[in-house]
Amino acid sequence: MPSAAQPKPLIIKLGGSVITDKASEGVINTKALSGLAEVLASVTGPLVVIHGAGSLGHPEAKRWGIADGVTAENALGVYETHEAVSRLNRAVVSALRDAGVNAVSFPPFASALTENRRIVYAGEEQIKELLLAGLVPVLFGDVAADRTQGACILSGDQIAPYLAAALGAERIGFVTASGGVLQDGLVIPEISGRTADSVAFFKAEGADVTGGMKGKIAELLLLAESGIESQIFAAEDLAAFLSGENPGTRITS
C-alpha cells in the first residue's frame with residue numbers, strides 16, 4: 001500500500017465498446033480514443049490506465065476457446081488473441097503519448113498470473129515503481145498464464161479492481177458505451193451489495209468472453225466490500241469524474 005507521503009493513484013478503465021467498433025472486428029475508434037486521451041492528460045497525480053479488448057481480442061478468444069483453457073490443440077490462439085489486443089494497446093499508448101501523457105505499455109501476458117481464472121499477481125510491485133518514476137502504466141484485457149488450465153482470458157474488468165485494492169487507489173472509474181448500468185432505459189444512480197439482485201441484467205448471461213456488464217458489476221461489488229467505491233459512466237462524463245463528480249452509476253458496499 002502507498003505510504004502517507006505518496007498520493008493514491010487514480011485508476012481509469014476504458015471500455016472496449018468505447019475505443020473499438022464492437023460490430024466490426026479489428027476496428028479501433030481512433031476519434032474516441034484521442035478524445036479520452038486529451039481528457040486524461042489533465043490528470044496530475046499517479047494514474048493507471050486499463051482498457052478492454054472490444055473487437056480486438058474477443059473474436060480471436062472465442063474462435064480458439066481460450067477462456068476454457070489452453071492445450072496443444074488451441075495454443076496458436078494464445079498468440080492470435082494476444083497480438084490482437086496488443087495492437088489495440090499500441091494505439092491506446094500512442095494516443096495518450098500524443099496527448100502528453102507519459103504512458104507505457106504493461107502487458108498482463110508478461111506480468112500476470114491467475115489460478116482458476118482469478119488473479120494471483122498482476123504486476124503491482126512493478127507498477128508501484130513505475131508510478132513513483134512518473135510513468136503511466138497502460139494495461140489491458142489479455143491472455144494470462146493460469147496455474148490450473150494453462151492460460152485464460154484475464155479481463156480488464158478483473159484487473160482494474162484488483163489493482164485498485166493492491167495499490168490503495170482512491171478512485172476508480174469505468175468508461176462505458178452505456179454510460180452506466182441501465183434498467184428500463186434509465187441509468188441506475190447507485191448499486192450496492194443489497195440492491196444488485198434486483199437489477200435485471202444481473203440474472204442474464206454475459207455478452208462476451210469476460211462476462212459483459214454482469215461480470216463488471218460482480219468485480220466492483222467485491223471491491224466495494226474492501227472500502228473502495230467505483231463509478232461507471234460515459235466517455236463524455238470522464239472530465240466530470242476527474243473533477244470529483246459522480247456521473248453514471250456508483251458501485252458501493
# chains A, B, ... in the order shown; residues from 1 in each chain; ligands from 1

$ residues_around --residues "Val143 (chain A)" --least-positions-apart "5" --cutoff "9 Å" --atoms "only C-alpha atoms" --output "number ranges by chain"
A: 61, 66-67, 78-79, 81-82, 108-109, 151-155

$ closest_atom_pairs --of "region 110-183 of chain A" --to "region 35-55 of chain A" --cutoff "8 Å" --atoms "only C-alpha atoms" --output "Markdown table"
| residue | atom | partner | partner_atom | distance |
| --- | --- | --- | --- | --- |
| A:Leu131 | CA | A:Pro46 | CA | 5.9 |
| A:Leu132 | CA | A:Pro46 | CA | 7.9 |
| A:Gly134 | CA | A:Pro46 | CA | 7.1 |
| A:Leu135 | CA | A:Pro46 | CA | 7.9 |
| A:Val136 | CA | A:Val48 | CA | 5.6 |
| A:Pro137 | CA | A:Val48 | CA | 5.4 |
| A:Val138 | CA | A:Val49 | CA | 4.8 |
| A:Leu139 | CA | A:Ile50 | CA | 4.6 |
| A:Phe140 | CA | A:His51 | CA | 4.7 |
| A:Gly141 | CA | A:Gly52 | CA | 5.3 |
| A:Asp142 | CA | A:Ala53 | CA | 7.8 |
| A:Ser155 | CA | A:Gly52 | CA | 7.2 |
| A:Gly156 | CA | A:Gly52 | CA | 5.6 |
| A:Asp157 | CA | A:Gly52 | CA | 7.7 |
| A:Ile159 | CA | A:Ile50 | CA | 7.8 |
| A:Ala160 | CA | A:Ile50 | CA | 6.7 |

$ write_last_selection --atoms "C-alpha atoms" --output "PDB file, in the first residue's frame"
ATOM      1  CA  LEU A 131       4.216   5.296 -10.740  1.00  0.00           C
ATOM      2  CA  LEU A 132       6.973   6.613  -8.477  1.00  0.00           C
ATOM      3  CA  GLY A 134       6.182   9.392 -13.060  1.00  0.00           C
ATOM      4  CA  LEU A 135       5.111   6.861 -15.671  1.00  0.00           C
ATOM      5  CA  VAL A 136       1.536   5.868 -16.547  1.00  0.00           C
ATOM      6  CA  PRO A 137       1.256   2.064 -16.967  1.00  0.00           C
ATOM      7  CA  VAL A 138      -1.340   1.004 -19.555  1.00  0.00           C
ATOM      8  CA  LEU A 139      -2.708  -2.499 -19.003  1.00  0.00           C
ATOM      9  CA  PHE A 140      -5.396  -4.326 -20.947  1.00  0.00           C
ATOM     10  CA  GLY A 141      -7.586  -7.387 -21.158  1.00  0.00           C
ATOM     11  CA  ASP A 142      -5.189 -10.101 -22.300  1.00  0.00           C
ATOM     12  CA  SER A 155     -10.381  -9.250 -18.303  1.00  0.00           C
ATOM     13  CA  GLY A 156      -9.608  -5.605 -17.693  1.00  0.00           C
ATOM     14  CA  ASP A 157     -12.740  -5.687 -15.539  1.00  0.00           C
ATOM     15  CA  ILE A 159      -7.535  -6.235 -13.399  1.00  0.00           C
ATOM     16  CA  ALA A 160      -8.890  -2.769 -12.548  1.00  0.00           C
TER      17      ALA A 160
END

$ select_by_dssp --residues "region 28-218 of chain A" --states "strand (DSSP E)" --output "ChimeraX atom specification"
/A:47-51,103-105,113-115,118-121,136-140,142-146,150-154,171-175,182-183,186-187,190-191

$ atom_distance --atom1 "CA of Lys13 (chain A)" --atom2 "CA of Trp64 (chain A)"
25.7 Å

$ select_by_dssp --residues "region 14-239 of chain A" --states "alpha helix (DSSP H)" --output "PyMOL selection string"
chain A and resi 16-19+30-40+58-64+76-98+108-111+124-132+156-167+212-225+238-239

$ closest_residue --among "A:Lys22, A:Arg87, A:Arg194, A:Arg250" --to "Leu220 (chain A)" --atoms "only C-alpha atoms"
A:Arg250

$ residues_around --residues "region 175-179 of chain A" --least-positions-apart "3" --cutoff "12 Å" --atoms "only C-alpha atoms" --output "MDAnalysis selection string"
chainID A and resid 11:22 32:33 36 40 49:52 54 156:157 160 172 182:183 185:189 212:213 216 230:242 246:250

$ atom_distance --atom1 "CA of Asp197 (chain A)" --atom2 "CA of Glu229 (chain A)"
18.2 Å

$ atom_distance --atom1 "CA of Thr71 (chain A)" --atom2 "CA of Leu163 (chain A)"
28.8 Å

$ residues_around --residues "Ile228 (chain A)" --least-positions-apart "5" --cutoff "8 Å" --atoms "only C-alpha atoms" --output "ChimeraX atom specification"
/A:164-165,169-171,223,252

$ residues_around --residues "Ala112 (chain A)" --least-positions-apart "5" --cutoff "8 Å" --atoms "only C-alpha atoms" --output "list in words"
Ile119, Val120, Tyr121, Ala122, Gly123, Ala144 and Ala145 of chain A

$ closest_residue --among "A:Ser253, A:Gln158, A:Gln149, A:Asn89" --to "Ser192 (chain A)" --atoms "only C-alpha atoms"
A:Ser253
